[in-house]
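One file, work.csv, is given below (CSV, C-alpha atoms and all ligand atoms).
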chain,number,residue,atom,x,y,z
A,1,MET,CA,0.0,0.0,0.0
A,2,ASN,CA,1.2,3.5,-0.8
A,3,LEU,CA,0.4,5.8,2.1
A,4,SER,CA,-0.6,8.5,-0.4
A,5,GLU,CA,-1.1,8.1,-4.1
A,6,VAL,CA,-2.8,9.3,-7.3
A,7,GLN,CA,-5.1,6.7,-8.8
A,8,LEU,CA,-6.0,6.9,-12.5
A,9,ASP,CA,-9.1,5.3,-14.0
A,10,THR,CA,-7.6,4.4,-17.4
A,11,THR,CA,-10.8,2.9,-18.7
A,12,GLN,CA,-12.7,6.1,-18.2
A,13,LEU,CA,-9.7,8.1,-19.6
A,14,VAL,CA,-10.1,6.2,-22.9
A,15,GLY,CA,-13.9,6.6,-22.6
A,16,ASN,CA,-13.4,10.3,-22.4
A,17,VAL,CA,-11.4,10.4,-25.6
A,18,ARG,CA,-14.1,8.3,-27.3
A,19,ALA,CA,-16.8,10.6,-26.0
A,20,LEU,CA,-15.0,13.8,-27.2
A,21,ARG,CA,-14.4,12.2,-30.6
A,22,THR,CA,-18.2,12.3,-31.1
A,23,LEU,CA,-17.8,16.1,-31.4
A,24,VAL,CA,-14.7,15.8,-33.7
A,25,ALA,CA,-15.3,15.7,-37.5
A,26,PRO,CA,-14.1,12.5,-39.2
A,27,GLY,CA,-10.5,12.5,-40.4
A,28,VAL,CA,-9.5,15.1,-37.8
A,29,ASP,CA,-6.4,14.1,-35.7
A,30,VAL,CA,-6.9,14.1,-32.0
A,31,ILE,CA,-3.8,15.1,-30.1
A,32,ALA,CA,-3.8,14.5,-26.4
A,33,VAL,CA,-2.3,17.4,-24.5
A,34,VAL,CA,-0.2,15.9,-21.7
A,35,LYS,CA,1.9,18.9,-20.6
A,36,GLY,CA,2.1,19.7,-16.8
A,37,ASN,CA,2.6,15.9,-16.0
A,38,ALA,CA,-0.6,15.3,-17.9
A,39,TYR,CA,-2.4,17.9,-15.8
A,40,GLY,CA,-1.1,16.2,-12.7
A,41,HIS,CA,-2.4,12.8,-13.7
A,42,GLY,CA,1.0,11.3,-14.5
A,43,LEU,CA,2.6,11.7,-17.9
A,44,VAL,CA,3.9,8.1,-18.3
A,45,GLU,CA,0.6,6.5,-17.1
A,46,VAL,CA,-1.6,8.7,-19.4
A,47,VAL,CA,0.7,8.2,-22.4
A,48,ARG,CA,0.6,4.4,-22.0
A,49,ALA,CA,-3.2,4.4,-21.5
A,50,LEU,CA,-4.0,6.6,-24.5
A,51,GLU,CA,-1.4,5.4,-27.1
A,52,GLN,CA,-3.9,3.4,-29.1
A,53,ASP,CA,-6.7,5.9,-28.9
A,54,VAL,CA,-5.2,9.2,-29.9
A,55,ASP,CA,-3.2,10.3,-33.0
A,56,GLY,CA,-0.4,11.9,-31.0
A,57,PHE,CA,0.7,13.9,-27.9
A,58,GLN,CA,1.4,17.5,-27.1
A,59,VAL,CA,3.8,18.8,-24.5
A,60,ASP,CA,5.4,22.0,-23.6
A,61,ASP,CA,9.1,21.2,-23.3
A,62,ILE,CA,11.9,18.8,-23.9
A,63,GLU,CA,11.9,17.3,-20.4
A,64,GLU,CA,8.4,16.0,-21.1
A,65,LEU,CA,9.3,14.8,-24.6
A,66,ARG,CA,12.2,12.8,-23.1
A,67,VAL,CA,9.7,11.1,-20.6
A,68,ILE,CA,7.4,10.3,-23.5
A,69,ARG,CA,10.1,8.9,-25.7
A,70,ALA,CA,11.1,6.4,-22.9
A,71,VAL,CA,7.7,4.8,-23.4
A,72,SER,CA,6.3,5.8,-26.8
A,73,SER,CA,7.5,6.7,-30.2
A,74,LYS,CA,4.2,8.2,-31.1
A,75,ARG,CA,3.9,11.6,-32.9
A,76,THR,CA,4.6,14.4,-30.4
A,77,LEU,CA,4.3,18.1,-30.6
A,78,VAL,CA,6.6,20.2,-28.4
A,79,LEU,CA,5.0,23.6,-28.6
A,80,GLY,CA,6.9,25.6,-25.9
A,81,TYR,CA,10.3,27.2,-26.3
A,82,VAL,CA,13.2,24.9,-26.8
A,83,ALA,CA,16.5,26.3,-25.6
A,84,LYS,CA,19.2,26.6,-28.3
A,85,ALA,CA,21.3,24.1,-26.5
A,86,ASN,CA,18.6,21.4,-26.8
A,87,ILE,CA,17.5,21.9,-30.4
A,88,ASP,CA,19.7,19.1,-31.7
A,89,GLU,CA,18.2,16.7,-29.2
A,90,VAL,CA,14.5,17.6,-30.0
A,91,VAL,CA,15.2,17.2,-33.7
A,92,GLU,CA,16.8,13.8,-33.2
A,93,LEU,CA,13.9,12.7,-31.0
A,94,GLY,CA,11.6,13.5,-33.9
A,95,ALA,CA,9.4,16.1,-32.2
A,96,GLU,CA,7.2,18.4,-34.2
A,97,LEU,CA,8.1,21.9,-33.2
A,98,ALA,CA,6.5,25.3,-32.8
A,99,VAL,CA,8.1,28.2,-34.8
A,100,TYR,CA,7.3,31.8,-34.6
A,101,ASP,CA,10.4,33.7,-35.7
A,102,VAL,CA,13.1,33.6,-38.2
A,103,GLU,CA,15.8,32.7,-35.8
A,104,ARG,CA,14.0,29.5,-34.6
A,105,LEU,CA,13.6,28.4,-38.2
A,106,GLN,CA,17.2,28.9,-38.9
A,107,PHE,CA,18.2,26.8,-35.9
A,108,PHE,CA,15.8,24.0,-36.7
A,109,ALA,CA,16.9,23.9,-40.3
A,110,GLU,CA,20.6,23.7,-39.3
A,111,ALA,CA,19.9,20.9,-36.7
A,112,GLY,CA,17.9,19.0,-39.4
A,113,ALA,CA,20.8,19.3,-41.8
A,114,ARG,CA,23.2,18.0,-39.1
A,115,HIS,CA,21.0,14.9,-38.4
A,116,GLY,CA,19.8,14.2,-41.9
A,117,VAL,CA,16.2,14.8,-41.0
A,118,ARG,CA,13.6,17.3,-42.2
A,119,PRO,CA,12.2,18.9,-39.0
A,120,LYS,CA,8.4,19.2,-38.9
A,121,VAL,CA,7.2,22.6,-37.7
A,122,HIS,CA,3.9,24.2,-36.8
A,123,LEU,CA,3.8,27.9,-37.4
A,124,LYS,CA,2.2,29.6,-34.4
A,125,ILE,CA,0.1,32.7,-35.4
A,126,ASP,CA,-0.5,35.2,-32.6
A,127,ALA,CA,-4.1,35.8,-33.6
A,128,LEU,CA,-5.3,38.2,-30.9
A,129,LEU,CA,-4.1,36.2,-27.9
A,130,GLY,CA,-1.0,38.2,-27.3
A,131,ARG,CA,1.2,35.3,-26.2
A,132,GLN,CA,3.7,33.2,-28.1
A,133,GLY,CA,3.4,33.5,-31.9
A,134,VAL,CA,4.0,35.6,-35.1
A,135,VAL,CA,1.8,38.7,-35.2
A,136,PRO,CA,0.3,39.1,-38.7
A,137,GLY,CA,2.5,42.1,-39.4
A,138,ASP,CA,5.6,39.9,-39.2
A,139,LEU,CA,4.3,37.1,-41.2
A,140,ALA,CA,5.8,38.1,-44.5
A,141,GLN,CA,9.3,38.0,-43.0
A,142,VAL,CA,8.7,34.4,-41.6
A,143,VAL,CA,7.3,33.3,-45.0
A,144,ASP,CA,10.5,34.6,-46.7
A,145,ALA,CA,12.7,32.7,-44.2
A,146,LEU,CA,10.7,29.5,-44.7
A,147,ARG,CA,11.3,29.8,-48.5
A,148,THR,CA,15.0,29.8,-47.9
A,149,HIS,CA,14.8,26.7,-45.8
A,150,PRO,CA,13.4,23.9,-47.9
A,151,GLY,CA,14.8,21.4,-45.4
A,152,ILE,CA,11.9,22.3,-43.1
A,153,GLU,CA,8.4,20.7,-43.4
A,154,VAL,CA,5.6,23.1,-42.5
A,155,VAL,CA,2.9,20.8,-41.1
A,156,ALA,CA,0.4,23.4,-40.1
A,157,ALA,CA,-0.4,26.9,-39.0
A,158,TYR,CA,-2.1,27.2,-35.6
A,159,ALA,CA,-3.4,29.6,-33.1
A,160,HIS,CA,-5.0,29.4,-29.6
A,161,PHE,CA,-8.2,30.9,-28.3
A,162,ALA,CA,-8.1,33.6,-25.6
A,163,ASN,CA,-11.5,33.8,-24.2
A,164,ILE,CA,-13.9,31.0,-24.7
A,165,GLU,CA,-14.2,29.4,-21.3
A,166,ASP,CA,-14.6,32.6,-19.2
A,167,THR,CA,-17.5,34.0,-21.2
A,168,THR,CA,-20.6,33.1,-23.2
A,169,ASP,CA,-19.7,35.9,-25.7
A,170,LEU,CA,-17.8,34.3,-28.5
A,171,GLY,CA,-17.1,37.6,-30.3
A,172,HIS,CA,-13.4,37.6,-29.6
A,173,ALA,CA,-13.1,34.0,-30.7
A,174,TYR,CA,-14.7,34.8,-34.1
A,175,ASP,CA,-12.3,37.8,-34.4
A,176,GLN,CA,-9.4,35.4,-33.7
A,177,ILE,CA,-10.6,33.0,-36.4
A,178,GLU,CA,-10.7,35.9,-38.9
A,179,VAL,CA,-7.2,37.0,-38.1
A,180,PHE,CA,-6.0,33.4,-38.3
A,181,GLU,CA,-7.7,32.6,-41.6
A,182,ALA,CA,-6.2,35.8,-43.2
A,183,ALA,CA,-2.7,34.5,-42.2
A,184,LEU,CA,-3.6,31.1,-43.4
A,185,THR,CA,-4.6,32.5,-46.8
A,186,VAL,CA,-1.2,34.1,-47.2
A,187,LEU,CA,0.6,30.8,-46.2
A,188,ARG,CA,-1.5,28.6,-48.5
A,189,SER,CA,-0.8,30.8,-51.5
A,190,ARG,CA,2.8,29.4,-51.1
A,191,TRP,CA,2.1,26.0,-49.5
A,192,PRO,CA,-1.3,24.9,-50.5
A,193,GLY,CA,-1.2,21.7,-48.4
A,194,ILE,CA,-0.5,23.3,-45.1
A,195,GLY,CA,-2.7,22.1,-42.2
A,196,ARG,CA,-4.5,24.2,-39.6
A,197,HIS,CA,-5.5,23.9,-36.0
A,198,LEU,CA,-7.1,26.2,-33.5
A,199,SER,CA,-9.2,24.4,-30.9
A,200,ALA,CA,-8.5,23.1,-27.4
A,201,THR,CA,-11.3,21.5,-25.4
A,202,SER,CA,-13.4,24.7,-25.1
A,203,GLY,CA,-13.0,25.4,-28.9
A,204,LEU,CA,-14.2,21.9,-29.7
A,205,MET,CA,-17.3,22.5,-27.5
A,206,THR,CA,-18.1,25.9,-29.2
A,207,VAL,CA,-16.7,27.1,-32.5
A,208,GLU,CA,-14.6,24.2,-34.0
A,209,LYS,CA,-14.9,24.0,-37.8
A,210,ASP,CA,-12.7,23.2,-40.8
A,211,ASN,CA,-9.6,22.2,-38.9
A,212,ASP,CA,-7.6,19.0,-39.4
A,213,LEU,CA,-6.1,18.6,-35.9
A,214,ILE,CA,-7.5,19.2,-32.5
A,215,ARG,CA,-5.5,19.7,-29.2
A,216,LEU,CA,-7.4,18.2,-26.3
A,217,GLY,CA,-6.3,18.5,-22.7
A,218,LEU,CA,-8.9,19.2,-20.0
A,219,GLY,CA,-11.8,17.3,-21.6
A,220,ILE,CA,-9.7,14.1,-21.8
A,221,TYR,CA,-9.2,14.2,-18.0
A,222,GLY,CA,-13.0,14.4,-17.7
A,223,MET,CA,-13.3,18.0,-16.7
A,224,TYR,CA,-15.1,21.0,-18.4
A,225,PRO,CA,-13.4,24.3,-19.1
A,226,SER,CA,-16.4,26.2,-17.5
A,227,THR,CA,-19.7,25.7,-15.8
A,228,SER,CA,-21.6,27.0,-18.9
A,229,LEU,CA,-19.8,24.5,-21.1
A,230,ALA,CA,-20.4,21.7,-18.5
A,231,ARG,CA,-24.1,22.5,-18.7
A,232,ARG,CA,-24.1,22.7,-22.5
A,233,HIS,CA,-22.3,19.4,-22.9
A,234,GLN,CA,-23.5,17.4,-19.9
A,235,ASP,CA,-24.7,14.6,-22.1
A,236,LEU,CA,-21.2,14.0,-23.4
A,237,GLY,CA,-20.5,11.6,-20.6
A,238,ILE,CA,-16.9,12.7,-19.8
A,239,LYS,CA,-16.0,12.0,-16.2
A,240,PRO,CA,-13.0,12.8,-13.9
A,241,VAL,CA,-10.5,10.0,-13.9
A,242,LEU,CA,-8.3,10.8,-10.9
A,243,ARG,CA,-8.5,9.9,-7.2
A,244,TRP,CA,-6.0,11.4,-4.8
A,245,VAL,CA,-6.0,9.2,-1.7
A,246,SER,CA,-4.1,9.1,1.6
A,247,HIS,CA,-4.5,7.3,4.9
A,248,LEU,CA,-5.0,8.6,8.4
A,249,ALA,CA,-1.8,8.9,10.3
A,250,GLN,CA,-3.4,9.5,13.7
A,251,VAL,CA,-6.8,9.6,15.2
A,252,LYS,CA,-7.4,11.1,18.6
A,253,THR,CA,-9.7,13.2,20.8
A,254,LEU,CA,-8.8,16.7,21.7
A,255,PRO,CA,-10.3,18.5,24.7
A,256,ALA,CA,-12.4,21.7,24.3
A,257,ARG,CA,-10.5,25.0,23.8
A,258,HIS,CA,-7.4,23.2,22.3
A,259,PRO,CA,-5.6,24.8,19.3
A,260,VAL,CA,-5.1,23.0,16.0
A,261,GLY,CA,-2.1,23.6,13.9
A,262,TYR,CA,0.2,26.6,13.1
A,263,GLY,CA,-1.0,30.0,13.9
A,264,LEU,CA,-3.7,28.7,16.3
A,265,THR,CA,-6.3,29.5,13.7
A,266,PHE,CA,-8.7,26.8,14.9
A,267,ILE,CA,-9.6,26.3,18.6
A,268,THR,CA,-11.8,23.3,19.4
A,269,PRO,CA,-15.2,24.6,20.6
A,270,ARG,CA,-15.8,21.3,22.4
A,271,GLU,CA,-14.2,17.9,22.8
A,272,MET,CA,-13.4,16.8,19.3
A,273,ARG,CA,-12.4,13.6,17.4
A,274,ILE,CA,-9.7,14.6,14.9
A,275,GLY,CA,-7.6,12.8,12.3
A,276,ILE,CA,-4.2,13.7,10.9
A,277,VAL,CA,-3.9,13.5,7.1
A,278,PRO,CA,-0.3,13.0,6.0
A,279,GLN,CA,-0.4,15.3,3.0
A,280,GLY,CA,0.2,19.0,2.7
A,281,TYR,CA,1.0,21.9,0.4
A,282,ALA,CA,4.3,20.2,-0.7
A,283,ASP,CA,2.1,17.4,-2.2
A,284,GLY,CA,-0.2,19.9,-3.9
A,285,TYR,CA,-2.8,20.4,-1.2
A,286,ASP,CA,-3.1,24.1,-1.3
A,287,ARG,CA,-2.6,26.1,2.0
A,288,GLY,CA,-5.6,28.1,1.0
A,289,LEU,CA,-7.7,25.1,2.0
A,290,SER,CA,-6.8,25.8,5.7
A,291,ASN,CA,-10.1,25.9,7.7
A,292,SER,CA,-12.0,25.6,4.4
A,293,GLY,CA,-11.4,22.3,2.5
A,294,GLU,CA,-13.2,19.0,3.0
A,295,VAL,CA,-12.0,15.5,2.5
A,296,LEU,CA,-13.8,12.1,2.5
A,297,VAL,CA,-13.5,9.4,5.1
A,298,HIS,CA,-15.9,6.4,5.1
A,299,GLY,CA,-17.8,8.3,2.4
A,300,CYS,CA,-18.5,11.2,4.7
A,301,ARG,CA,-17.3,14.8,4.2
A,302,CYS,CA,-14.8,15.9,6.9
A,303,ALA,CA,-13.7,19.6,7.3
A,304,VAL,CA,-10.1,20.6,7.3
A,305,LEU,CA,-9.2,22.1,10.8
A,306,GLY,CA,-6.6,24.8,11.1
A,307,ARG,CA,-3.7,25.4,8.8
A,308,VAL,CA,-2.6,23.0,6.1
A,309,ALA,CA,1.2,22.5,6.7
A,310,MET,CA,3.8,21.3,4.3
A,311,ASN,CA,3.2,17.6,5.0
A,312,MET,CA,0.1,17.2,7.1
A,313,PHE,CA,-3.2,18.7,8.2
A,314,ALA,CA,-6.0,17.9,10.7
A,315,ILE,CA,-9.6,17.0,9.9
A,316,ASP,CA,-12.8,16.8,11.9
A,317,LEU,CA,-13.8,13.2,12.5
A,318,SER,CA,-16.9,14.0,14.6
A,319,SER,CA,-19.2,12.5,11.9
A,320,VAL,CA,-17.1,9.4,11.5
A,321,PRO,CA,-16.6,8.1,15.1
A,322,ASP,CA,-15.3,4.7,13.9
A,323,ALA,CA,-12.5,6.1,11.7
A,324,ALA,CA,-9.2,4.5,12.6
A,325,VAL,CA,-5.5,4.9,11.7
A,326,GLU,CA,-4.7,4.0,8.1
A,327,ASP,CA,-8.3,4.3,6.9
A,328,GLU,CA,-8.5,5.8,3.5
A,329,VAL,CA,-8.9,9.6,3.1
A,330,VAL,CA,-9.9,11.0,-0.3
A,331,LEU,CA,-8.6,14.5,-1.0
A,332,LEU,CA,-9.8,14.6,-4.6
A,333,GLY,CA,-12.2,12.2,-6.4
A,334,SER,CA,-14.9,9.9,-5.2
A,335,GLN,CA,-15.4,7.6,-2.2
A,336,GLY,CA,-18.7,5.8,-2.0
A,337,GLU,CA,-21.5,8.1,-3.1
A,338,GLU,CA,-19.6,11.3,-2.3
A,339,ALA,CA,-17.0,13.1,-4.4
A,340,ILE,CA,-14.6,16.1,-4.0
A,341,THR,CA,-14.3,17.7,-7.5
A,342,ALA,CA,-11.4,19.8,-8.8
A,343,GLU,CA,-14.1,22.5,-9.4
A,344,GLU,CA,-15.1,22.4,-5.7
A,345,ILE,CA,-11.5,23.0,-4.7
A,346,SER,CA,-10.8,25.6,-7.4
A,347,SER,CA,-13.9,27.7,-6.4
A,348,ARG,CA,-12.7,27.6,-2.7
A,349,LEU,CA,-9.3,28.8,-3.8
A,350,GLY,CA,-10.4,31.3,-6.5
A,351,THR,CA,-8.6,29.5,-9.3
A,352,ILE,CA,-9.5,27.0,-12.0
A,353,ASN,CA,-9.7,23.2,-12.1
A,354,TYR,CA,-6.7,23.1,-14.4
A,355,GLU,CA,-4.5,24.4,-11.6
A,356,VAL,CA,-5.9,22.1,-8.9
A,357,THR,CA,-4.9,18.9,-10.7
A,358,SER,CA,-1.7,20.1,-12.4
A,359,ARG,CA,-0.2,21.1,-9.1
A,360,LEU,CA,-0.4,17.6,-7.7
A,361,SER,CA,3.2,16.7,-6.8
A,362,SER,CA,4.9,14.6,-9.5
A,363,LEU,CA,6.6,12.8,-6.6
A,364,LEU,CA,3.3,11.1,-5.5
A,365,PRO,CA,3.1,7.5,-6.7
A,366,ARG,CA,0.7,7.0,-9.6
A,367,SER,CA,-1.3,3.8,-9.9
B,401,LIG,C1,-2.9,23.7,-22.9
B,401,LIG,C2,-3.1,23.9,-24.3
B,401,LIG,C3,-4.1,23.1,-25.0
B,401,LIG,C4,-5.1,22.3,-24.3
B,401,LIG,O1,-6.1,23.0,-23.7
B,401,LIG,P1,-7.4,22.4,-22.9
B,401,LIG,O2,-8.2,23.5,-22.6
B,401,LIG,O3,-6.8,21.7,-21.7
B,401,LIG,O4,-8.0,21.4,-23.8
B,401,LIG,C5,-4.2,23.3,-26.4
B,401,LIG,N1,-3.4,24.1,-27.1
B,401,LIG,C6,-2.4,24.8,-26.4
B,401,LIG,C7,-1.6,25.7,-27.3
B,401,LIG,C8,-2.3,24.8,-25.1
B,401,LIG,O5,-1.3,25.5,-24.5
Before anything else, please render the file you have as structure tokens.
Amino acid sequence: MNLSEVQLDTTQLVGNVRALRTLVAPGVDVIAVVKGNAYGHGLVEVVRALEQDVDGFQVDDIEELRVIRAVSSKRTLVLGYVAKANIDEVVELGAELAVYDVERLQFFAEAGARHGVRPKVHLKIDALLGRQGVVPGDLAQVVDALRTHPGIEVVAAYAHFANIEDTTDLGHAYDQIEVFEAALTVLRSRWPGIGRHLSATSGLMTVEKDNDLIRLGLGIYGMYPSTSLARRHQDLGIKPVLRWVSHLAQVKTLPARHPVGYGLTFITPREMRIGIVPQGYADGYDRGLSNSGEVLVHGCRCAVLGRVAMNMFAIDLSSVPDAAVEDEVVLLGSQGEEAITAEEISSRLGTINYEVTSRLSSLLPRS
């Protein structure tokens, strides 16, 4: 038994991909986004589970690519910045790379020539996101550079939506599509066969059209990008696949008016049965859940008492009098009929479900 671990329901994970595919047009490639340790779910475990059911993987950096290559040779997009010192290695590992300036193109072309390969690139257009990418005004320059590097294969142009999940007003998304399509027209006059991709999970659930690849993260893990999209697509049948479990490290009764934890932020109002959970903010249990979070023991909700520390916190066991040392505690996921969702935690913390799962420590065993 692992004292604490992250458990993955791989059958449901595959089920989520299949459910999402019902929204994807035939012939469109589904790329599973597994950056951030597969949103905290465990990179190796997720790649192994999904290999047969997706067309490829997407990560942010070379560290993640190396981990994937140890278990899979499947098509992998590395869309974050690759340090100059690592370009030879990513090219040798056969990654498909993001380009958005002339200098990157030059480096990729030179590395390709050194290794006798034709690096595949995806040209990132900054279509009103204001993050990584070529702004339309600089496109001509990049097109010129591409022409001088025939050793590079331009797989696709792509962009990323800025404001779909936080709003029901898709106006900005449609403006982005317009900017992207204008850039694509310029590129296709030179390379007619160039592919295109725009959508992540929220795009697929709203405006997806005419693309030939789709980059799916959150939905694969069974979560929705917003409550409005959850409502709109509740029939899809995607479900969370992660359980974060630990086991009680101590169970005891404290007398009335006894402090609990650092800062004396909780004082027992009466004699209380408490349990110690051997997890803390170092494991990804946010300190903002001090005196606010809930966990599950014997299928009952138990409140977090006092401050969450680096490696432990206390919970109220008043409603579970027969709880004993080493009984299972669920910090995220279901136990019996009850469930603690990433959305419940993110709303307590004023953040998003993405952050809750992706901050789970990569040191926790996955099973
Ligand atoms: C993270 C990311 C995705 C996946 O987004 P989800 O909302 O999790 O589906 C897709 N594309 C890019 C460029 C990303 O950074």
Using only C-alpha atoms, which residues sit within 12 Å of A:Val241 once same-chain residues fewer than 3 positions away are excluded, as a ChimeraX atom specification? /A:6-17,38-42,46,49,218-223,238,244,332-334,339,341-342,357,367
Would you mind listing the residues within 10 Å of ligand LIG 401 (chain B), counting only C-alpha atoms and all ligand atoms, as a PyMOL selection string? chain A and resi 31-36+38-39+58-60+78-80+98+124+132+158-161+164-165+197-204+214-221+223-225+354
Tell me, as a list in words, which residues lie within 7 Å of A:Ser290, counting all atoms listed in the file; anything in the same chain fewer than 2 positions away does not count.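 Close residues of A:Ser290: Arg287, Gly288, Ser292, Gly293, Val304, Leu305, Gly306, Arg307 and Val308 of chain A.
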Restricting to all atoms listed in the file, whichever of A:Asp316, A:Glu51, A:Asp283, A:Glu271 is closest to A:Ser358 is A:Asp283
Show me, as an MDAnalysis selection string, the residues that have an atom within 12 Å of A:Ala113 when counting all atoms listed in the file, minus same-chain residues fewer than 3 positions from it. chainID A and resid 88 91:92 106:110 116:119 149:152
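The list of residues within 12 Å of (-1.5, 13.9, -37.0), counted using all atoms listed in the file, is Gly27, Val28, Asp29, Val30, Ile31, Ala32, Val54, Asp55, Gly56, Phe57, Gln58, Lys74, Arg75, Thr76, Leu77, Glu96, Lys120, His122, Val155, Ala156, Gly195, Arg196, His197, Asn211, Asp212, Leu213, Ile214 and Arg215 of chain A.
Between atom CA of A:Ile194 and atom CA of A:Ala85 the interatomic distance comes to 28.7 Å.
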Rounded to one decimal, what separation in Å do you get between atom CA of A:Ser4 and atom CA of A:Val245?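 One can read the atom CA of A:Ser4 to atom CA of A:Val245 distance as 5.6 Å.
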A:Asp286 surroundings by all atoms listed in the file, 9 Å radius, close-in-sequence under 5 positions cut, as a PyMOL selection string: chain A and resi 280-281+308+349+356+359
Output of the above residues as a compact mmCIF listing (two decimals), in the coordinates of the input, restricted to C-alpha atoms:
# COMPACT_ATOMS: atom_id res chain seq x y z
CA GLY A 280 0.20 19.00 2.70
CA TYR A 281 1.00 21.90 0.40
CA VAL A 308 -2.60 23.00 6.10
CA LEU A 349 -9.30 28.80 -3.80
CA VAL A 356 -5.90 22.10 -8.90
CA ARG A 359 -0.20 21.10 -9.10
With only C-alpha atoms as the basis for distance, which of A:Leu229, A:Arg48, A:Ile62, A:Val102 is at the shortest distance from A:Ala83? A:Ile62
Would you pick out the contacts of A:Ala162 at 12 Å or less, using only C-alpha atoms, so that residues sharing its chain but fewer than 3 positions from it are not included, and give the list as an mmCIF file with C-alpha atoms, keeping the file's coordinate frame?
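Ended up saving to part.cif:
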data_model
loop_
_atom_site.group_PDB
_atom_site.id
_atom_site.type_symbol
_atom_site.label_atom_id
_atom_site.label_comp_id
_atom_site.auth_asym_id
_atom_site.auth_seq_id
_atom_site.Cartn_x
_atom_site.Cartn_y
_atom_site.Cartn_z
ATOM 1 C CA ASP A 126 -0.500 35.200 -32.600
ATOM 2 C CA ALA A 127 -4.100 35.800 -33.600
ATOM 3 C CA LEU A 128 -5.300 38.200 -30.900
ATOM 4 C CA LEU A 129 -4.100 36.200 -27.900
ATOM 5 C CA GLY A 130 -1.000 38.200 -27.300
ATOM 6 C CA ARG A 131 1.200 35.300 -26.200
ATOM 7 C CA ALA A 159 -3.400 29.600 -33.100
ATOM 8 C CA GLU A 165 -14.200 29.400 -21.300
ATOM 9 C CA ASP A 166 -14.600 32.600 -19.200
ATOM 10 C CA THR A 167 -17.500 34.000 -21.200
ATOM 11 C CA ASP A 169 -19.700 35.900 -25.700
ATOM 12 C CA LEU A 170 -17.800 34.300 -28.500
ATOM 13 C CA GLY A 171 -17.100 37.600 -30.300
ATOM 14 C CA HIS A 172 -13.400 37.600 -29.600
ATOM 15 C CA ALA A 173 -13.100 34.000 -30.700
ATOM 16 C CA TYR A 174 -14.700 34.800 -34.100
ATOM 17 C CA ASP A 175 -12.300 37.800 -34.400
ATOM 18 C CA GLN A 176 -9.400 35.400 -33.700
ATOM 19 C CA ILE A 177 -10.600 33.000 -36.400
ATOM 20 C CA LEU A 198 -7.100 26.200 -33.500
ATOM 21 C CA SER A 199 -9.200 24.400 -30.900
ATOM 22 C CA ALA A 200 -8.500 23.100 -27.400
ATOM 23 C CA SER A 202 -13.400 24.700 -25.100
ATOM 24 C CA GLY A 203 -13.000 25.400 -28.900
#
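Take the candidates A:Ser189, A:Gln234, A:Ser73, A:Thr206 and check each one against A:Thr168 using all atoms listed in the file; the shortest distance goes to A:Thr206.
The nearest approach to A:Ala309 among the residues A:Arg66, A:Pro255, A:Glu208, A:Gly263, with only C-alpha atoms taken into account, belongs to A:Gly263.
Ranking A:Leu317, A:Val90, A:Val143, A:Ala183 by their shortest atom-to-atom distance to A:Leu105, with all atoms listed in the file included, puts A:Val143 first.
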At what distance in Å, to one decimal, does atom CA of A:Val47 lie from atom CA of A:Tyr81? 21.6 Å
Residue with smallest distance to A:Asn163 - pool A:Ser246, A:Ser226, A:Ser72, A:Ser319, counting all atoms listed in the file: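 Using all atoms listed in the file, the shortest distance to A:Asn163 belongs to A:Ser226.
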